[in-house]
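A.B. asks: What follows is data.json, made up of JSON, C-alpha atoms:
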```json
[["chain", "number", "residue", "atom", "x", "y", "z"],
["A", 1, "MET", "CA", 54.27, 59.63, -75.12],
["A", 2, "PRO", "CA", 57.16, 61.77, -73.93],
["A", 3, "GLU", "CA", 57.97, 61.60, -70.25],
["A", 4, "LYS", "CA", 57.48, 64.68, -68.14],
["A", 5, "PRO", "CA", 60.81, 66.24, -67.22],
["A", 6, "SER", "CA", 61.39, 65.83, -63.48],
["A", 7, "LYS", "CA", 61.15, 69.04, -61.54],
["A", 8, "SER", "CA", 64.03, 70.58, -59.69],
["A", 9, "ASN", "CA", 64.07, 70.59, -55.91],
["A", 10, "LEU", "CA", 63.40, 74.32, -55.92],
["A", 11, "GLN", "CA", 60.31, 73.84, -58.09],
["A", 12, "LEU", "CA", 59.07, 71.05, -55.83],
["A", 13, "ASP", "CA", 59.63, 73.20, -52.74],
["A", 14, "ASN", "CA", 57.72, 76.10, -54.26],
["A", 15, "GLU", "CA", 54.89, 73.92, -55.55],
["A", 16, "LEU", "CA", 54.31, 72.27, -52.17],
["A", 17, "ALA", "CA", 54.51, 75.64, -50.40],
["A", 18, "ASP", "CA", 51.96, 77.14, -52.84],
["A", 19, "PHE", "CA", 49.67, 74.16, -52.44],
["A", 20, "THR", "CA", 49.86, 74.49, -48.64],
["A", 21, "ASP", "CA", 49.12, 78.22, -48.85],
["A", 22, "ARG", "CA", 46.04, 77.54, -50.98],
["A", 23, "ILE", "CA", 44.81, 74.78, -48.68],
["A", 24, "LEU", "CA", 45.29, 76.90, -45.57],
["A", 25, "SER", "CA", 43.41, 79.80, -47.17],
["A", 26, "ASP", "CA", 40.44, 77.41, -47.43],
["A", 27, "GLN", "CA", 40.67, 76.84, -51.16],
["A", 28, "SER", "CA", 39.60, 73.26, -51.78],
["A", 29, "PRO", "CA", 42.01, 71.28, -53.94],
["A", 30, "ASP", "CA", 40.66, 70.80, -57.44],
["A", 31, "ALA", "CA", 41.31, 67.82, -59.67],
["A", 32, "ALA", "CA", 44.19, 69.56, -61.41],
["A", 33, "THR", "CA", 45.92, 70.35, -58.13],
["A", 34, "ILE", "CA", 46.29, 66.70, -57.11],
["A", 35, "ASP", "CA", 47.47, 64.88, -60.18],
["A", 36, "PRO", "CA", 47.93, 61.11, -59.64],
["A", 37, "SER", "CA", 51.21, 61.24, -61.59],
["A", 38, "ASP", "CA", 52.38, 64.17, -59.51],
["A", 39, "GLU", "CA", 55.70, 63.66, -57.72],
["A", 40, "LEU", "CA", 54.23, 65.54, -54.80],
["A", 41, "GLN", "CA", 50.93, 63.67, -54.62],
["A", 42, "ALA", "CA", 51.75, 61.82, -51.38],
["A", 43, "LEU", "CA", 53.07, 64.99, -49.77],
["A", 44, "LYS", "CA", 49.98, 66.95, -50.78],
["A", 45, "ASN", "CA", 47.78, 64.28, -49.23],
["A", 46, "THR", "CA", 49.85, 64.57, -46.06],
["A", 47, "VAL", "CA", 49.27, 68.34, -46.09],
["A", 48, "LEU", "CA", 45.51, 67.71, -46.33],
["A", 49, "ARG", "CA", 45.67, 65.27, -43.40],
["A", 50, "LEU", "CA", 47.65, 67.80, -41.39],
["A", 51, "LYS", "CA", 45.11, 70.50, -42.06],
["A", 52, "ALA", "CA", 42.28, 68.17, -41.03],
["A", 53, "THR", "CA", 44.16, 67.36, -37.82],
["A", 54, "ILE", "CA", 45.29, 70.81, -36.79],
["A", 55, "LYS", "CA", 42.56, 73.01, -38.23],
["A", 56, "HIS", "CA", 39.45, 70.83, -38.04],
["A", 57, "ALA", "CA", 39.65, 68.97, -34.77],
["A", 58, "PRO", "CA", 36.15, 67.87, -33.60],
["A", 59, "ASP", "CA", 34.45, 70.09, -31.06],
["A", 60, "GLU", "CA", 34.79, 69.36, -27.35],
["A", 61, "VAL", "CA", 31.30, 67.82, -26.96],
["A", 62, "THR", "CA", 31.86, 65.35, -29.81],
["A", 63, "MET", "CA", 35.27, 64.43, -28.41],
["A", 64, "GLN", "CA", 33.75, 63.75, -24.98],
["A", 65, "GLN", "CA", 30.99, 61.62, -26.47],
["A", 66, "ILE", "CA", 33.49, 59.62, -28.50],
["A", 67, "GLU", "CA", 35.73, 59.18, -25.48],
["A", 68, "LYS", "CA", 32.79, 58.00, -23.35],
["A", 69, "LYS", "CA", 31.71, 55.50, -25.96],
["A", 70, "LEU", "CA", 35.24, 54.21, -26.42],
["A", 71, "VAL", "CA", 35.64, 53.77, -22.66],
["A", 72, "ASN", "CA", 32.32, 51.88, -22.48],
["A", 73, "GLU", "CA", 33.36, 49.60, -25.32],
["A", 74, "TRP", "CA", 36.72, 49.04, -23.71],
["A", 75, "HIS", "CA", 35.09, 48.09, -20.39],
["A", 76, "LYS", "CA", 32.77, 45.66, -22.16],
["A", 77, "ASN", "CA", 35.66, 43.98, -23.94],
["A", 78, "GLN", "CA", 37.96, 43.96, -20.95],
["A", 79, "GLY", "CA", 35.33, 42.80, -18.41],
["A", 80, "SER", "CA", 36.60, 39.28, -18.01],
["A", 81, "MET", "CA", 40.23, 40.25, -18.31],
["A", 82, "ALA", "CA", 39.85, 42.88, -15.58],
["A", 83, "LYS", "CA", 39.12, 40.19, -12.95],
["A", 84, "LYS", "CA", 41.85, 39.69, -10.43],
["A", 85, "PRO", "CA", 43.84, 36.55, -11.24],
["A", 86, "ALA", "CA", 43.64, 33.63, -8.81],
["A", 87, "ILE", "CA", 46.25, 33.35, -6.07],
["A", 88, "TRP", "CA", 47.74, 30.23, -7.57],
["A", 89, "LYS", "CA", 48.14, 32.06, -10.89],
["A", 90, "GLN", "CA", 49.84, 34.94, -9.12],
["A", 91, "LEU", "CA", 52.18, 32.47, -7.47],
["A", 92, "LEU", "CA", 52.95, 30.74, -10.74],
["A", 93, "SER", "CA", 53.63, 34.00, -12.51],
["A", 94, "GLY", "CA", 55.77, 35.26, -9.66],
["A", 95, "SER", "CA", 54.40, 37.26, -6.75],
["A", 96, "ALA", "CA", 54.79, 41.02, -6.50],
["A", 97, "PHE", "CA", 56.69, 40.49, -3.26],
["A", 98, "LEU", "CA", 59.39, 38.60, -5.09],
["A", 99, "SER", "CA", 59.33, 40.23, -8.52],
["A", 100, "ASN", "CA", 59.36, 43.85, -7.32],
["A", 101, "GLN", "CA", 62.55, 43.38, -5.33],
["A", 102, "PRO", "CA", 64.79, 40.83, -7.06],
["A", 103, "TRP", "CA", 67.12, 40.47, -4.05],
["A", 104, "ARG", "CA", 64.25, 39.17, -1.89],
["A", 105, "GLY", "CA", 64.15, 35.82, -3.69],
["A", 106, "PRO", "CA", 67.74, 34.77, -3.00],
["A", 107, "ALA", "CA", 67.52, 36.21, 0.52],
["A", 108, "LEU", "CA", 64.40, 34.20, 1.29],
["A", 109, "ALA", "CA", 65.97, 31.13, -0.26],
["A", 110, "PHE", "CA", 69.04, 31.52, 1.93],
["A", 111, "LEU", "CA", 66.92, 31.94, 5.07],
["A", 112, "LEU", "CA", 64.92, 28.82, 4.23],
["A", 113, "LEU", "CA", 68.10, 26.86, 3.65],
["A", 114, "VAL", "CA", 69.46, 27.96, 7.03],
["A", 115, "PHE", "CA", 66.13, 27.11, 8.64],
["A", 116, "PHE", "CA", 66.18, 23.61, 7.15],
["A", 117, "LEU", "CA", 69.76, 23.02, 8.26],
["A", 118, "ILE", "CA", 68.95, 24.15, 11.82],
["A", 119, "ILE", "CA", 65.99, 21.81, 11.97],
["A", 120, "ALA", "CA", 67.62, 18.89, 10.17],
["A", 121, "LEU", "CA", 71.04, 18.74, 11.83],
["A", 122, "PRO", "CA", 70.08, 18.47, 15.52],
["A", 123, "PHE", "CA", 67.36, 15.98, 14.68],
["A", 124, "SER", "CA", 69.73, 13.71, 12.76],
["A", 125, "GLN", "CA", 72.39, 14.06, 15.47],
["A", 126, "LEU", "CA", 69.83, 13.09, 18.09],
["A", 127, "ILE", "CA", 68.65, 9.98, 16.35],
["A", 128, "ALA", "CA", 71.86, 8.83, 14.70],
["A", 129, "PRO", "CA", 73.99, 7.84, 17.75],
["A", 130, "ASN", "CA", 71.18, 6.15, 19.64],
["A", 131, "ILE", "CA", 69.55, 4.09, 16.94],
["A", 132, "GLN", "CA", 72.22, 2.13, 15.17],
["A", 133, "ALA", "CA", 69.80, 0.17, 13.04],
["A", 134, "THR", "CA", 68.48, 3.32, 11.44],
["A", 135, "ALA", "CA", 71.83, 4.74, 10.36],
["A", 136, "GLY", "CA", 70.93, 4.22, 6.74],
["A", 137, "THR", "CA", 67.56, 5.90, 7.27],
["A", 138, "THR", "CA", 69.23, 8.96, 8.82],
["A", 139, "GLY", "CA", 71.41, 9.37, 5.76],
["A", 140, "GLN", "CA", 68.34, 9.12, 3.54],
["A", 141, "TYR", "CA", 66.55, 11.65, 5.72],
["A", 142, "GLN", "CA", 69.41, 14.13, 5.28],
["A", 143, "ILE", "CA", 69.49, 13.54, 1.54],
["A", 144, "VAL", "CA", 65.73, 14.14, 1.31],
["A", 145, "LEU", "CA", 66.04, 17.35, 3.32],
["A", 146, "PHE", "CA", 68.94, 18.47, 1.18],
["A", 147, "ILE", "CA", 66.95, 17.81, -2.01],
["A", 148, "VAL", "CA", 63.91, 19.65, -0.60],
["A", 149, "ALA", "CA", 66.11, 22.62, 0.30],
["A", 150, "VAL", "CA", 67.71, 22.69, -3.16],
["A", 151, "VAL", "CA", 64.30, 22.45, -4.84],
["A", 152, "LEU", "CA", 63.03, 25.32, -2.67],
["A", 153, "VAL", "CA", 66.04, 27.47, -3.49],
["A", 154, "ILE", "CA", 65.68, 26.79, -7.21],
["A", 155, "GLY", "CA", 61.93, 27.43, -7.00],
["A", 156, "LEU", "CA", 62.38, 30.76, -5.25],
["A", 157, "LEU", "CA", 65.06, 31.83, -7.69],
["A", 158, "TRP", "CA", 62.74, 30.84, -10.55],
["A", 159, "PHE", "CA", 59.80, 32.84, -9.18],
["A", 160, "SER", "CA", 61.92, 35.89, -8.46],
["A", 161, "ARG", "CA", 63.65, 35.95, -11.85],
["A", 162, "ASP", "CA", 63.38, 39.05, -14.03],
["A", 163, "LYS", "CA", 60.87, 38.10, -16.72],
["A", 164, "ASN", "CA", 61.55, 41.21, -18.82],
["A", 165, "ARG", "CA", 64.98, 39.96, -19.70],
["B", 1, "MET", "CA", 18.66, 69.90, -20.43],
["B", 2, "PRO", "CA", 18.36, 66.14, -19.77],
["B", 3, "LEU", "CA", 21.41, 64.02, -20.19],
["B", 4, "GLN", "CA", 21.53, 61.88, -23.28],
["B", 5, "SER", "CA", 21.79, 58.12, -22.87],
["B", 6, "ASP", "CA", 24.56, 56.24, -24.65],
["B", 7, "GLU", "CA", 22.14, 54.88, -27.22],
["B", 8, "SER", "CA", 20.80, 58.31, -28.13],
["B", 9, "MET", "CA", 24.25, 59.80, -28.67],
["B", 10, "ASP", "CA", 24.31, 60.97, -32.22],
["B", 11, "ILE", "CA", 27.92, 60.57, -33.27],
["B", 12, "PRO", "CA", 28.56, 60.28, -36.97],
["B", 13, "ASP", "CA", 30.31, 57.03, -37.90],
["B", 14, "ASN", "CA", 33.11, 58.84, -39.66],
["B", 15, "SER", "CA", 33.95, 60.75, -36.46],
["B", 16, "TYR", "CA", 35.78, 57.70, -35.11],
["B", 17, "GLN", "CA", 37.81, 57.43, -38.28],
["B", 18, "ASP", "CA", 38.49, 61.16, -38.21],
["B", 19, "VAL", "CA", 39.64, 61.02, -34.61],
["B", 20, "GLU", "CA", 41.72, 57.91, -35.24],
["B", 21, "GLY", "CA", 43.35, 59.58, -38.23],
["B", 22, "GLN", "CA", 44.06, 62.68, -36.19],
["B", 23, "ILE", "CA", 45.59, 60.65, -33.40],
["B", 24, "LEU", "CA", 47.87, 58.93, -35.92],
["B", 25, "VAL", "CA", 48.94, 62.25, -37.43],
["B", 26, "ARG", "CA", 49.62, 63.75, -33.99],
["B", 27, "LYS", "CA", 51.65, 60.70, -33.00],
["B", 28, "ALA", "CA", 53.67, 60.84, -36.22],
["B", 29, "LEU", "CA", 54.18, 64.56, -35.69],
["B", 30, "SER", "CA", 55.49, 63.99, -32.18],
["B", 31, "GLU", "CA", 58.05, 61.50, -33.50],
["B", 32, "LEU", "CA", 59.57, 63.97, -35.96],
["B", 33, "PRO", "CA", 62.84, 65.79, -35.29],
["B", 34, "ALA", "CA", 62.26, 69.12, -33.52],
["B", 35, "GLN", "CA", 63.09, 71.36, -36.50],
["B", 36, "TYR", "CA", 60.63, 69.49, -38.73],
["B", 37, "ARG", "CA", 57.89, 69.61, -36.10],
["B", 38, "GLU", "CA", 58.50, 73.31, -35.51],
["B", 39, "ILE", "CA", 58.15, 74.39, -39.12],
["B", 40, "ILE", "CA", 54.98, 72.34, -39.58],
["B", 41, "LEU", "CA", 53.42, 73.83, -36.46],
["B", 42, "MET", "CA", 54.53, 77.35, -37.40],
["B", 43, "ARG", "CA", 52.81, 77.02, -40.78],
["B", 44, "PHE", "CA", 49.67, 75.11, -39.71],
["B", 45, "ALA", "CA", 49.04, 76.05, -36.09],
["B", 46, "GLU", "CA", 50.50, 79.56, -35.99],
["B", 47, "ASP", "CA", 49.46, 80.25, -39.59],
["B", 48, "LEU", "CA", 52.74, 81.99, -40.33],
["B", 49, "PRO", "CA", 53.61, 82.53, -44.01],
["B", 50, "PHE", "CA", 56.92, 81.13, -45.26],
["B", 51, "ASN", "CA", 58.64, 84.51, -45.38],
["B", 52, "GLU", "CA", 57.79, 85.06, -41.68],
["B", 53, "ILE", "CA", 59.03, 81.59, -40.82],
["B", 54, "ALA", "CA", 62.25, 82.36, -42.71],
["B", 55, "LYS", "CA", 62.71, 85.58, -40.71],
["B", 56, "LEU", "CA", 62.21, 83.74, -37.43],
["B", 57, "ASN", "CA", 64.73, 81.10, -38.51],
["B", 58, "HIS", "CA", 67.17, 83.74, -39.80],
["B", 59, "SER", "CA", 67.09, 82.16, -43.24],
["B", 60, "HIS", "CA", 65.64, 82.71, -46.72],
["B", 61, "PRO", "CA", 62.09, 81.81, -47.78],
["B", 62, "GLU", "CA", 63.54, 79.21, -50.18],
["B", 63, "ALA", "CA", 65.33, 77.55, -47.29],
["B", 64, "ALA", "CA", 62.13, 77.58, -45.23],
["B", 65, "LYS", "CA", 60.18, 75.99, -48.09],
["B", 66, "SER", "CA", 62.87, 73.37, -48.58],
["B", 67, "LEU", "CA", 62.82, 72.55, -44.86],
["B", 68, "PHE", "CA", 59.03, 72.41, -45.01],
["B", 69, "ARG", "CA", 59.06, 69.89, -47.87],
["B", 70, "ARG", "CA", 61.58, 67.71, -46.04],
["B", 71, "ALA", "CA", 59.43, 67.90, -42.92],
["B", 72, "ILE", "CA", 56.27, 66.91, -44.81],
["B", 73, "SER", "CA", 58.19, 64.11, -46.51],
["B", 74, "ALA", "CA", 59.40, 62.78, -43.14],
["B", 75, "LEU", "CA", 55.87, 63.00, -41.75],
["B", 76, "ASN", "CA", 54.56, 61.16, -44.80],
["B", 77, "GLN", "CA", 57.07, 58.36, -44.21],
["B", 78, "LYS", "CA", 56.02, 58.06, -40.57],
["B", 79, "LEU", "CA", 52.36, 57.89, -41.57],
["B", 80, "GLU", "CA", 53.09, 55.23, -44.19],
["B", 81, "GLN", "CA", 54.92, 53.17, -41.55],
["B", 82, "GLN", "CA", 51.93, 53.50, -39.22],
["B", 83, "ASP", "CA", 49.51, 52.52, -41.99],
["B", 84, "ALA", "CA", 51.66, 49.48, -42.79],
["B", 85, "ARG", "CA", 51.69, 48.45, -39.11],
["B", 86, "GLU", "CA", 47.89, 48.82, -38.94],
["B", 87, "THR", "CA", 47.48, 46.66, -42.04],
["B", 88, "ILE", "CA", 49.54, 43.88, -40.45]]
```
Could you take the file, read its structure, and then write that structure out as structure tokens?
C.D. replies:
Amino acid sequence: MPEKPSKSNLQLDNELADFTDRILSDQSPDAATIDPSDELQALKNTVLRLKATIKHAPDEVTMQQIEKKLVNEWHKNQGSMAKKPAIWKQLLSGSAFLSNQPWRGPALAFLLLVFFLIIALPFSQLIAPNIQATAGTTGQYQIVLFIVAVVLVIGLLWFSRDKNR
Amino acid sequence: MPLQSDESMDIPDNSYQDVEGQILVRKALSELPAQYREIILMRFAEDLPFNEIAKLNHSHPEAAKSLFRRAISALNQKLEQQDARETI
């Protein structure tokens, strides 16, 4: 069977334009108009979809009914997900206080560190000179405080990190 | 007239598909370059014939038809991409 000669661009342009004119003048496409072997078949189907979208949109009442039903379905499906997450979950996922303003995390961490140093230093200075036998304990106490402060700083930086990155 | 309850709403099943299809077409249309979107809307929404579109664009009807085919082809590609995404 001989192959059909491929059409020129001009012929394709004219054929699609004629098809669109016929469709828009409410002539239904017959079997001959949409040939499965047609080079323009996909484009003609797109024209039909466009006409259905632009020319035959559902009436307002139907659209409202569909919208209402869709919203109801959505609420049913989202019921459990719409519940507010527990506080501990909010904390684990990063609180709004910290995540909305990224600079707040480091600032809070710095303040906590200063707070710990203010509390820790005078206390260790008070007990260190007077109780000689506990000198080793004082050192341990400072190390523990230092570790707690570092953990807090890392924790705050972790919670306030930008998760979108 | 009394309000209808949700259960008594008589919406044909194919309305959802129609609306979904229309939403997809509108979305694809909005993603097209401006000149493609314009010629499609001039022909379908404004119902302007190609020679009128050509006059408005200061071009020939052949050029308008060529632009129209490229616009429909671009729209078709967008719709095929959307269909492929929906299938996945």
A.B. asks: For the contact check between chain B and chain A, emit one row per residue of chain B within 7 Å, containing the shortest atom pair and the distance in Å rounded to one decimal, counting all atoms listed in the file, chain then rising number order, as CSV.
C.D. replies:
```
residue,atom,partner,partner_atom,distance
B:Gln22,CA,A:Thr53,CA,5.0
B:Val25,CA,A:Leu50,CA,6.9
B:Phe44,CA,A:Ile54,CA,6.8
B:Ala45,CA,A:Ile54,CA,6.5
B:Lys65,CA,A:Asp13,CA,5.5
B:Ser66,CA,A:Asp13,CA,5.3
B:Arg69,CA,A:Asp13,CA,5.9
B:Ile72,CA,A:Leu43,CA,6.2
B:Ser73,CA,A:Leu43,CA,6.1
B:Asn76,CA,A:Thr46,CA,5.9
```
A.B. asks: Kindly save the residues from that selection, with C-alpha atoms included, as a PDB file, in the coordinates of the input.
C.D. replies:
```
ATOM      1  CA  GLN B  22      44.060  62.680 -36.190  1.00  0.00           C
ATOM      2  CA  VAL B  25      48.940  62.250 -37.430  1.00  0.00           C
ATOM      3  CA  PHE B  44      49.670  75.110 -39.710  1.00  0.00           C
ATOM      4  CA  ALA B  45      49.040  76.050 -36.090  1.00  0.00           C
ATOM      5  CA  LYS B  65      60.180  75.990 -48.090  1.00  0.00           C
ATOM      6  CA  SER B  66      62.870  73.370 -48.580  1.00  0.00           C
ATOM      7  CA  ARG B  69      59.060  69.890 -47.870  1.00  0.00           C
ATOM      8  CA  ILE B  72      56.270  66.910 -44.810  1.00  0.00           C
ATOM      9  CA  SER B  73      58.190  64.110 -46.510  1.00  0.00           C
ATOM     10  CA  ASN B  76      54.560  61.160 -44.800  1.00  0.00           C
TER      11      ASN B  76
END
```
A.B. asks: Rank B:Ala71, B:Ala63, B:Met42, B:Ala54 by their smallest atom-to-atom distance to Ala28 of chain B, using only C-alpha atoms, and report the top residue only.
C.D. replies: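 For Ala28 of chain B, the nearest of the candidates is B:Ala71.
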A.B. asks: Axis-aligned box over every listed atom of segment 26-30 of chain B, padded by 6 Å per side: centre and edges in Å to one decimal, as AutoDock Vina command-line options?
C.D. replies:
```
--center_x 52.6 --center_y 62.6 --center_z -34.2 --size_x 17.9 --size_y 15.9 --size_z 16.0
```
A.B. asks: Report, in Å with one decimal, the straight-line distance from atom CA of Lys7 of chain A to atom CA of Gln82 of chain B.
C.D. replies: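 Interatomic distance here is 28.7 Å.
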A.B. asks: Which value, in Å to one decimal, gives the distance between atom CA of Leu152 of chain A and atom CA of Ala109 of chain A?
C.D. replies: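 Going from atom CA of Leu152 of chain A over to atom CA of Ala109 of chain A covers 6.9 Å.
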A.B. asks: May I have the protein, DNA and RNA residues with an atom at most 10 Å from (64.1, 70.7, -39.7), counting only C-alpha atoms in the file's coordinates, returned as a list in words?
C.D. replies: Leu32, Pro33, Ala34, Gln35, Tyr36, Arg37, Glu38, Ile39, Ile40, Ala64, Ser66, Leu67, Phe68, Arg69, Arg70, Ala71 and Ala74 of chain B
A.B. asks: Atom CA of Gln77 of chain B to atom CA of Ile53 of chain B: how many Å, to one decimal?
C.D. replies: 23.6 Å
A.B. asks: Neighbouring residues of Leu24 of chain B were defined as those with any atom within 10 Å, considering all atoms listed in the file; residues of the same chain fewer than 6 positions away were excluded. Please report them as a ChimeraX atom specification.
C.D. replies: /A:53 /B:18,30,78-79,82-83
